[in-house]
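*Asks:* To be precise about what I am sending: the file is called entry-v8.txt and holds compact mmCIF, C-alpha atoms.
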```txt
# COMPACT_ATOMS: atom_id res chain seq x y z
CA MET C 1 1.55 92.52 71.13
CA ASN C 2 0.58 88.88 70.72
CA ILE C 3 2.60 85.94 72.02
CA LYS C 4 3.97 85.05 68.59
CA THR C 5 5.21 88.62 68.06
CA LYS C 6 6.76 88.66 71.54
CA MET C 7 8.53 85.37 70.79
CA ILE C 8 9.76 86.65 67.42
CA ALA C 9 10.92 89.92 69.04
CA GLY C 10 12.78 87.97 71.75
CA VAL C 11 14.45 85.69 69.22
CA ALA C 12 15.29 88.73 67.05
CA VAL C 13 16.94 90.52 69.99
CA ILE C 14 18.95 87.39 70.85
CA THR C 15 19.90 86.92 67.18
CA VAL C 16 21.04 90.55 66.90
CA LEU C 17 23.11 90.19 70.09
CA LEU C 18 24.71 86.97 68.81
CA LEU C 19 25.37 88.52 65.40
CA GLY C 20 26.94 91.53 67.12
CA PHE C 21 29.21 89.21 69.07
CA LEU C 22 30.12 87.30 65.92
CA MET C 23 30.88 90.58 64.14
CA TYR C 24 33.15 91.57 67.01
CA LEU C 25 34.93 88.20 66.85
CA ARG C 26 35.30 88.52 63.08
CA SER C 27 36.67 92.04 63.39
CA TYR C 28 39.15 90.97 66.09
CA THR C 29 40.23 87.87 64.12
CA ASN C 30 40.73 89.94 60.96
CA GLY C 31 42.78 92.46 62.94
CA THR C 32 44.95 89.68 64.37
CA VAL C 33 45.43 88.09 60.94
CA ASN C 34 46.38 91.49 59.48
CA ASP C 35 48.80 92.12 62.35
CA LEU C 36 50.45 88.73 61.89
CA GLU C 37 50.63 89.19 58.11
CA GLY C 38 52.17 92.62 58.65
CA MET C 39 54.68 91.11 61.05
CA ARG C 40 55.50 88.34 58.58
CA ASP C 41 55.78 90.73 55.62
CA GLN C 42 57.75 93.44 57.35
CA GLU C 43 59.40 92.74 60.68
CA LEU C 44 60.26 89.09 60.06
CA ALA C 45 61.17 89.80 56.42
CA LEU C 46 63.50 92.57 57.58
CA ALA C 47 65.02 90.31 60.21
CA ASN C 48 65.56 87.74 57.47
CA ALA C 49 67.14 90.42 55.28
CA ALA C 50 69.40 91.41 58.17
CA TRP C 51 70.52 87.79 58.59
CA SER C 52 71.17 87.61 54.84
CA VAL C 53 73.31 90.76 54.97
CA ARG C 54 75.38 89.27 57.78
CA TYR C 55 75.62 85.90 56.03
CA TYR C 56 76.80 87.28 52.68
CA ASP C 57 79.21 89.64 54.42
CA GLN C 58 80.72 86.61 56.20
CA ILE C 59 81.15 84.82 52.87
CA ARG C 60 82.70 87.86 51.25
CA ASN C 61 85.02 88.29 54.18
CA SER C 62 85.96 84.59 54.09
CA VAL C 63 86.66 84.78 50.37
CA LEU C 64 88.89 87.79 50.85
CA ALA C 65 90.69 86.23 53.80
CA GLU C 66 91.10 82.91 52.05
CA GLY C 67 92.30 84.54 48.86
CA LEU C 68 94.71 86.78 50.67
CA GLN C 69 96.04 83.92 52.74
CA ALA C 70 96.47 81.57 49.78
CA ILE C 71 98.14 84.03 47.47
CA THR C 72 100.39 85.41 50.21
CA PHE C 73 101.33 81.90 51.33
CA HIS C 74 102.25 80.69 47.88
CA SER C 75 104.13 83.86 47.02
CA LYS C 76 106.21 83.66 50.16
CA LEU C 77 106.73 79.93 49.74
CA ASN C 78 107.83 80.39 46.17
CA SER C 79 110.18 83.29 46.84
CA GLU C 80 111.74 81.76 49.96
CA THR C 81 112.20 78.10 48.98
CA GLY C 82 111.42 77.94 45.30
CA THR C 83 109.04 75.02 45.97
CA THR C 84 105.50 74.94 44.79
CA GLU C 85 104.02 72.73 47.46
CA GLY C 86 101.41 73.98 49.81
CA ASN C 87 98.33 73.00 51.76
CA GLU C 88 95.13 72.15 50.02
CA SER C 89 91.69 72.76 51.28
CA SER C 90 88.41 72.54 49.45
CA GLU C 91 85.03 73.79 50.45
CA THR C 92 81.64 74.25 48.81
CA VAL C 93 80.25 77.73 49.30
CA ILE C 94 76.61 78.52 48.49
CA VAL C 95 75.88 82.12 47.62
CA ASP C 96 72.32 83.14 46.76
CA GLY C 97 71.49 79.59 45.61
CA GLN C 98 74.68 79.13 43.56
CA GLU C 99 77.29 76.57 44.52
CA PHE C 100 80.99 77.44 44.35
CA GLU C 101 83.88 75.06 44.77
CA SER C 102 86.35 77.20 46.64
CA THR C 103 89.79 75.60 46.36
CA VAL C 104 91.93 78.62 46.80
CA MET C 105 94.56 76.85 48.89
CA SER C 106 96.12 75.17 45.92
CA GLU C 107 99.45 73.52 45.34
CA SER C 108 101.15 76.37 43.55
CA VAL C 109 100.97 80.07 43.00
CA SER C 110 100.06 79.47 39.39
CA GLU C 111 97.12 77.28 40.43
CA ALA C 112 96.09 79.85 42.99
CA VAL C 113 96.22 82.49 40.33
CA ASP C 114 94.26 80.21 37.99
CA GLN C 115 91.59 80.00 40.60
CA ARG C 116 91.27 83.73 40.84
CA GLY C 117 88.24 83.30 38.60
CA ASP C 118 86.50 81.30 41.34
CA LEU C 119 87.50 83.86 43.93
CA SER C 120 86.20 86.66 41.82
CA ALA C 121 82.94 84.83 41.06
CA ILE C 122 82.23 84.11 44.71
CA TYR C 123 83.13 87.66 45.63
CA GLU C 124 80.80 89.12 42.97
CA SER C 125 77.94 86.80 43.90
CA SER C 126 78.33 87.64 47.59
CA ASN C 127 78.25 91.35 46.82
CA GLN C 128 75.18 91.01 44.63
CA ALA C 129 73.30 88.91 47.18
CA LEU C 130 74.27 91.27 49.98
CA ARG C 131 73.10 94.34 48.09
CA LYS C 132 69.92 92.55 47.05
CA ALA C 133 69.17 91.87 50.73
CA ILE C 134 69.86 95.51 51.61
CA SER C 135 67.65 96.75 48.75
CA PHE C 136 64.85 94.44 49.87
CA GLY C 137 65.21 95.74 53.42
CA LEU C 138 65.17 99.37 52.27
CA ALA C 139 62.08 98.78 50.15
CA ASN C 140 60.21 97.13 53.02
CA SER C 141 61.24 99.21 56.01
CA SER C 142 60.08 102.44 57.51
CA GLY C 143 60.76 104.64 60.52
CA SER C 144 63.77 103.82 62.65
CA ALA C 145 64.39 100.53 60.78
CA LEU C 146 64.77 102.47 57.54
CA GLY C 147 67.19 104.90 59.20
CA HIS C 148 69.32 102.07 60.58
CA LEU C 149 69.27 100.22 57.28
CA GLU C 150 70.30 103.36 55.39
CA HIS C 151 73.27 103.57 57.73
CA VAL C 152 74.02 99.89 57.01
CA LYS C 153 73.94 100.65 53.29
CA ALA C 154 76.22 103.69 53.68
CA THR C 155 78.79 101.63 55.58
CA GLU C 156 78.40 98.76 53.12
CA ASP C 157 79.24 101.18 50.28
CA LYS C 158 82.52 101.92 52.03
CA VAL C 159 83.21 98.20 52.64
CA LEU C 160 82.44 97.44 49.02
CA ALA C 161 84.83 100.16 47.82
CA ALA C 162 87.60 98.88 50.11
CA SER C 163 86.99 95.20 49.30
CA THR C 164 86.85 95.87 45.55
CA LYS C 165 90.16 97.65 45.81
CA LEU C 166 91.52 94.81 47.93
CA ILE C 167 90.44 92.01 45.63
CA GLY C 168 91.73 93.97 42.63
CA LEU C 169 95.17 94.08 44.23
CA LEU C 170 94.97 90.42 45.20
CA LEU C 171 94.04 89.28 41.74
CA THR C 172 96.96 91.19 40.28
CA GLY C 173 99.33 89.75 42.87
CA GLN C 174 100.06 93.05 44.65
CA ILE C 175 100.29 91.45 48.04
CA ALA C 176 102.02 94.23 50.00
CA GLU C 177 99.54 96.84 48.79
CA SER C 178 96.60 94.55 49.45
CA GLU C 179 97.78 94.07 53.06
CA GLN C 180 97.85 97.86 53.50
CA VAL C 181 94.34 98.20 52.10
CA LEU C 182 93.19 95.36 54.31
CA ILE C 183 94.50 97.00 57.47
CA ASN C 184 93.85 100.66 56.72
CA GLU C 185 90.64 100.56 54.71
CA TYR C 186 88.83 97.23 54.67
CA LYS C 187 88.99 96.38 58.40
CA PRO C 188 87.92 99.82 59.77
CA THR C 189 85.05 100.13 57.28
CA ARG C 190 83.94 96.55 57.92
CA ASP C 191 83.97 97.17 61.69
CA GLU C 192 81.77 100.18 61.08
CA PHE C 193 79.52 98.06 58.85
CA LEU C 194 79.25 95.29 61.49
CA GLN C 195 78.43 97.88 64.13
CA ALA C 196 75.69 99.30 61.91
CA THR C 197 74.24 95.83 61.26
CA ASP C 198 74.35 95.15 65.01
CA VAL C 199 72.30 98.28 65.65
CA PHE C 200 69.89 97.24 62.91
CA PHE C 201 69.64 93.76 64.42
CA GLN C 202 68.98 95.15 67.89
CA ASN C 203 66.36 97.49 66.49
CA GLN C 204 64.64 94.62 64.67
CA GLU C 205 64.84 92.40 67.70
CA SER C 206 63.25 95.00 69.99
CA SER C 207 60.68 95.81 67.29
CA ILE C 208 59.70 92.13 66.99
CA GLN C 209 59.62 91.75 70.77
CA GLN C 210 57.44 94.86 71.04
CA SER C 211 55.13 93.57 68.30
CA ILE C 212 54.80 90.20 69.98
CA ALA C 213 54.17 91.86 73.36
CA ASN C 214 51.49 94.06 71.74
CA LYS C 215 49.87 91.07 70.09
CA ILE C 216 49.84 89.13 73.36
CA SER C 217 48.37 92.14 75.14
CA ASN C 218 45.75 92.64 72.39
CA THR C 219 44.85 88.96 72.49
CA GLU C 220 44.48 89.07 76.28
CA ASN C 221 42.31 92.18 76.02
CA ALA C 222 40.20 90.57 73.32
CA ARG C 223 39.82 87.43 75.42
CA ASN C 224 38.69 89.50 78.43
CA THR C 225 36.34 91.59 76.30
CA SER C 226 34.93 88.42 74.71
CA MET C 227 34.32 86.94 78.14
CA VAL C 228 32.52 90.12 79.28
CA ILE C 229 30.45 90.28 76.08
CA LEU C 230 29.65 86.57 76.22
CA GLY C 231 28.71 86.82 79.91
CA THR C 232 26.49 89.84 79.21
CA LEU C 233 24.99 88.02 76.24
CA ILE C 234 24.18 84.95 78.32
CA LEU C 235 22.63 87.16 81.02
CA ALA C 236 20.63 89.08 78.40
CA ILE C 237 19.39 85.87 76.77
CA GLY C 238 18.54 84.44 80.19
CA GLY C 239 16.77 87.69 81.12
CA ILE C 240 14.75 87.80 77.89
CA ALA C 241 13.80 84.12 78.23
CA THR C 242 12.79 84.62 81.89
CA ILE C 243 10.69 87.71 81.10
CA LEU C 244 8.93 85.90 78.23
CA ALA C 245 8.38 82.76 80.30
CA GLN C 246 7.12 84.70 83.32
CA ASN C 247 4.88 86.86 81.18
CA ILE C 248 3.20 83.80 79.71
CA ALA C 249 3.44 81.29 82.57
CA THR C 250 2.14 83.64 85.32
CA ARG C 251 -0.99 84.56 83.41
CA VAL C 252 -1.61 80.95 82.32
CA GLN C 253 -1.41 80.04 86.01
CA GLN C 254 -3.96 82.79 86.79
CA LEU C 255 -6.25 81.47 84.05
CA THR C 256 -5.90 77.91 85.39
CA ALA C 257 -6.83 79.10 88.89
CA ILE C 258 -9.88 80.93 87.50
CA SER C 259 -10.91 77.86 85.45
CA ASN C 260 -10.67 75.75 88.60
CA ARG C 261 -12.92 78.19 90.47
CA ILE C 262 -15.47 78.14 87.61
CA SER C 263 -15.42 74.33 87.52
CA GLU C 264 -16.17 74.35 91.24
CA GLY C 265 -19.06 76.76 90.69
CA GLU C 266 -17.43 79.69 92.46
CA ILE C 267 -18.40 82.41 90.03
CA ASP C 268 -19.64 84.91 92.57
CA GLY C 269 -17.57 88.08 92.41
CA LEU C 270 -15.21 86.50 89.91
CA ASN C 271 -13.50 89.15 87.82
CA ILE C 272 -10.77 88.12 85.44
CA ASN C 273 -8.35 90.93 84.83
CA LEU C 274 -5.19 89.87 83.02
CA SER C 275 -2.66 92.46 81.90
CA GLY C 276 -1.54 92.75 78.28
CA LYS C 277 -3.12 92.65 74.88
CA ASP C 278 -2.12 89.19 73.76
CA GLU C 279 -3.99 85.92 73.31
CA ILE C 280 -3.90 85.13 77.04
CA SER C 281 -5.53 88.42 78.03
CA GLN C 282 -8.07 87.89 75.23
CA LEU C 283 -8.82 84.45 76.65
CA GLY C 284 -9.31 86.09 80.07
CA GLU C 285 -11.73 88.60 78.54
CA SER C 286 -13.71 85.79 76.91
CA MET C 287 -13.84 83.97 80.23
CA ASN C 288 -15.22 87.16 81.80
CA GLY C 289 -18.08 86.97 79.25
CA VAL C 290 -18.71 83.31 80.13
CA VAL C 291 -18.70 84.17 83.86
CA ALA C 292 -21.17 87.03 83.22
CA ALA C 293 -23.41 84.63 81.24
CA PHE C 294 -23.23 82.14 84.12
CA GLU C 295 -24.27 84.90 86.51
CA VAL C 296 -27.29 85.73 84.34
CA LEU C 297 -28.28 82.06 84.29
CA TYR C 298 -27.71 81.84 88.02
CA GLN C 299 -29.93 84.85 88.64
CA GLN C 300 -32.60 83.41 86.36
CA ALA C 301 -32.48 80.12 88.20
CA GLU C 302 -32.80 81.92 91.55
CA ALA C 303 -35.76 83.88 90.24
CA VAL C 304 -37.47 80.65 89.11
CA MET C 305 -36.71 79.06 92.47
CA ALA C 306 -38.16 82.07 94.24
CA GLN C 307 -41.34 81.80 92.22
CA GLY C 308 -41.64 78.05 92.99
CA PRO C 309 -43.80 78.18 96.26
CA ALA C 310 -46.15 80.76 94.81
CA LEU C 311 -46.70 78.62 91.71
CA GLN C 312 -47.37 75.58 93.93
CA GLU C 313 -50.01 77.55 95.84
CA VAL C 314 -51.67 78.59 92.57
CA ALA C 315 -51.69 74.96 91.39
CA ALA C 316 -53.21 73.78 94.71
CA ALA C 317 -55.91 76.47 94.52
CA GLU C 318 -56.71 75.43 90.99
CA ARG C 319 -57.01 71.78 92.08
CA ASN C 320 -59.36 72.79 94.96
CA ASP C 321 -61.49 74.80 92.59
CA GLU C 322 -61.79 71.82 90.30
CA GLN C 323 -62.93 69.57 93.19
CA MET F 1 -25.54 103.89 88.86
CA GLY F 2 -26.12 101.47 86.02
CA ALA F 3 -29.76 102.44 85.46
CA LYS F 4 -29.28 102.96 81.78
CA LEU F 5 -27.29 99.74 81.46
CA LEU F 6 -30.18 97.84 83.11
CA GLU F 7 -32.48 99.28 80.47
CA PHE F 8 -30.36 97.53 77.86
CA TYR F 9 -30.90 94.23 79.73
CA GLN F 10 -34.63 94.93 79.58
CA GLN F 11 -34.34 95.53 75.81
CA ALA F 12 -32.38 92.27 75.36
CA GLN F 13 -35.02 90.41 77.40
CA GLU F 14 -37.78 91.84 75.20
CA SER F 15 -35.93 91.02 72.01
CA ALA F 16 -34.63 87.54 72.70
CA GLY F 17 -35.66 86.54 76.23
CA LEU F 18 -33.21 84.71 78.47
CA GLN F 19 -30.92 83.96 75.50
CA GLY F 20 -30.74 87.68 74.73
CA ARG F 21 -29.66 88.49 78.28
CA ILE F 22 -27.07 85.74 78.21
CA LYS F 23 -25.66 87.09 74.95
CA LEU F 24 -25.63 90.63 76.32
CA ALA F 25 -23.70 89.41 79.37
CA MET F 26 -21.22 87.54 77.19
CA ILE F 27 -20.61 90.49 74.89
CA THR F 28 -20.37 93.17 77.59
CA LYS F 29 -18.74 90.87 80.16
CA LEU F 30 -21.07 92.41 82.74
CA SER F 31 -23.91 90.42 84.31
CA GLN F 32 -27.16 92.16 85.28
CA GLU F 33 -25.99 92.38 88.90
CA LYS F 34 -22.66 93.90 87.93
CA ALA F 35 -24.32 96.25 85.42
CA LYS F 36 -26.36 97.64 88.31
CA GLU F 37 -23.17 98.65 90.05
CA ALA F 38 -21.31 99.79 86.93
CA ALA F 39 -21.20 103.43 85.89
CA ASP F 40 -23.38 104.69 83.07
CA SER F 41 -20.31 105.93 81.33
CA PRO F 42 -20.41 106.82 77.60
CA LYS F 43 -18.06 103.94 76.95
CA ASN F 44 -20.28 101.40 78.75
CA ILE F 45 -23.43 102.80 77.15
CA GLN F 46 -21.88 102.52 73.71
CA LEU F 47 -20.80 98.94 74.45
CA PHE F 48 -24.28 97.90 75.62
CA ALA F 49 -26.03 99.74 72.80
CA ASP F 50 -23.92 97.98 70.18
CA ALA F 51 -24.48 94.62 71.86
CA VAL F 52 -28.25 95.10 71.98
CA LYS F 53 -28.29 96.11 68.33
CA LYS F 54 -26.45 92.92 67.49
CA ILE F 55 -28.89 90.82 69.52
CA GLN F 56 -31.87 92.52 67.95
CA ALA F 57 -30.41 91.99 64.49
CA GLU F 58 -30.15 88.25 65.14
```
Mind converting the file's structure to structure tokens?
*Replies:*
Amino acid sequence: MNIKTKMIAGVAVITVLLLGFLMYLRSYTNGTVNDLEGMRDQELALANAAWSVRYYDQIRNSVLAEGLQAITFHSKLNSETGTTEGNESSETVIVDGQEFESTVMSESVSEAVDQRGDLSAIYESSNQALRKAISFGLANSSGSALGHLEHVKATEDKVLAASTKLIGLLLTGQIAESEQVLINEYKPTRDEFLQATDVFFQNQESSIQQSIANKISNTENARNTSMVILGTLILAIGGIATILAQNIATRVQQLTAISNRISEGEIDGLNINLSGKDEISQLGESMNGVVAAFEVLYQQAEAVMAQGPALQEVAAAERNDEQ
Amino acid sequence: MGAKLLEFYQQAQESAGLQGRIKLAMITKLSQEKAKEAADSPKNIQLFADAVKKIQAE
């Protein structure tokens, strides 16, 4: 394997490791985003629905209480004293985005009765909004949340029946009967309903707490895993770089040492043996050829030197013969 | 040891003189002295034979 291929292989390994790490990060981030979206779309949405149920129930209850109080007050006032004066109180109530001017405490029974339309409208809107919130919750819940919400709906059906009966009596001025319904039917069923919503709330609260705890735990695990992967990755990259650098640098150092010996004329017994099959080992092989050629030249020179005295004697003899 | 390899040096000398021996040394990476000590292995013989052929061809 030549140096270029080794470099490319090293870079490829590092790239694959980095890509693997990025894939892990992407997978974890996607998982977290999905978890948070799930929490937003289900647990928090259900909690919101639960708050809406409680809110609209409060409005409905206030409307009933206010209506009952106003009509009872004016009836008693009218029958006892014959006067039509009473307290006045006005309040804006917002139900499911709609504004209602609730002025049930009016100056006379007739006015109070005139305002039964307002009372009825607020009551109807509260019921609709409440049932819409319950339907949303039922459509988006599962498991224990669904069970609790079904119980909320069952109790709400009873409250609705009692409150419808109650408001019917109120609007027709049957005060004594409405008080009986209030005490014997509306209050017990509403208590049951509030208890059911409390259970649902607690369930949602513990579910959200559990989800958050899981997400924190998952995030901590992912952080620790990322640190381990990143540490391993850094060690692997460092290891690969060191191996590549040592592989090249050590043999280049050997070649430099051999070149120095050749430049100083120390070719005797010089044998270059570099491991590997790359350009550096090929360079070492070529240098072996050069060293061998030097040795041949060296031997030739020695042979010529050895023949030198004999040739001088021949030349001297020839000169003597000529004289 | 190396008797046959030395014969190749002789052949290179006859073909191209000192230059032939130098080329043989460069190709085989074995000088005459080292060839003496090297084994006459089939691999070495093949290497020297090919080198001599190349020198003779030049």
*Asks:* So how many Å separate CA of Lys132 (chain C) and CA of Trp51 (chain C), to one decimal?
*Replies:*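 We find that CA of Lys132 (chain C) and CA of Trp51 (chain C) lie 12.5 Å from each other.
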*Asks:* Can you list, as a ChimeraX atom specification, every protein, DNA or RNA residue that comes within 10 Å of Asp50 (chain F) when you count all atoms listed in the file, leaving out same-chain residues fewer than 6 positions away?
*Replies:* /F:24,27-28,44,56
*Asks:* Please build the interface table for chain C against chain F with a cut-off of 9 Å, listing for each qualifying residue the nearest atom pair and the distance in Å to one decimal; count only C-alpha atoms, order rows by chain and increasing number, and write it as JSON lines.
*Replies:*
```
{"residue": "C:Gly269", "atom": "CA", "partner": "F:Lys34", "partner_atom": "CA", "distance": 8.9}
{"residue": "C:Glu285", "atom": "CA", "partner": "F:Lys29", "partner_atom": "CA", "distance": 7.5}
{"residue": "C:Ser286", "atom": "CA", "partner": "F:Met26", "partner_atom": "CA", "distance": 7.7}
{"residue": "C:Met287", "atom": "CA", "partner": "F:Lys29", "partner_atom": "CA", "distance": 8.5}
{"residue": "C:Asn288", "atom": "CA", "partner": "F:Lys29", "partner_atom": "CA", "distance": 5.4}
{"residue": "C:Gly289", "atom": "CA", "partner": "F:Met26", "partner_atom": "CA", "distance": 3.8}
{"residue": "C:Val290", "atom": "CA", "partner": "F:Met26", "partner_atom": "CA", "distance": 5.7}
{"residue": "C:Val291", "atom": "CA", "partner": "F:Lys29", "partner_atom": "CA", "distance": 7.7}
{"residue": "C:Ala292", "atom": "CA", "partner": "F:Ser31", "partner_atom": "CA", "distance": 4.5}
{"residue": "C:Ala293", "atom": "CA", "partner": "F:Ile22", "partner_atom": "CA", "distance": 4.9}
{"residue": "C:Phe294", "atom": "CA", "partner": "F:Ile22", "partner_atom": "CA", "distance": 7.9}
{"residue": "C:Glu295", "atom": "CA", "partner": "F:Ser31", "partner_atom": "CA", "distance": 6.0}
{"residue": "C:Val296", "atom": "CA", "partner": "F:Ser31", "partner_atom": "CA", "distance": 5.8}
{"residue": "C:Leu297", "atom": "CA", "partner": "F:Ile22", "partner_atom": "CA", "distance": 7.2}
{"residue": "C:Gln299", "atom": "CA", "partner": "F:Glu33", "partner_atom": "CA", "distance": 8.5}
{"residue": "C:Gln300", "atom": "CA", "partner": "F:Leu18", "partner_atom": "CA", "distance": 8.0}
```
*Asks:* What is the CA of Val181 (chain C) to CA of Ser126 (chain C) distance in Å?
*Replies:*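 The value is 19.7 Å.
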*Asks:* Quick one: residues within 10 Å of Thr219 (chain C), all atoms listed in the file counted, chain neighbours fewer than 6 positions away excluded, as a VMD selection string?
*Replies:* chain C and resid 28 to 29 32 213 225
*Asks:* Please provide the set of residues having any atom within 12 Å of Ala257 (chain C), restricted to only C-alpha atoms, with same-chain residues fewer than 4 positions apart removed, written as a ChimeraX atom specification.
*Replies:* /C:250-253,261-264,266,270,272,284
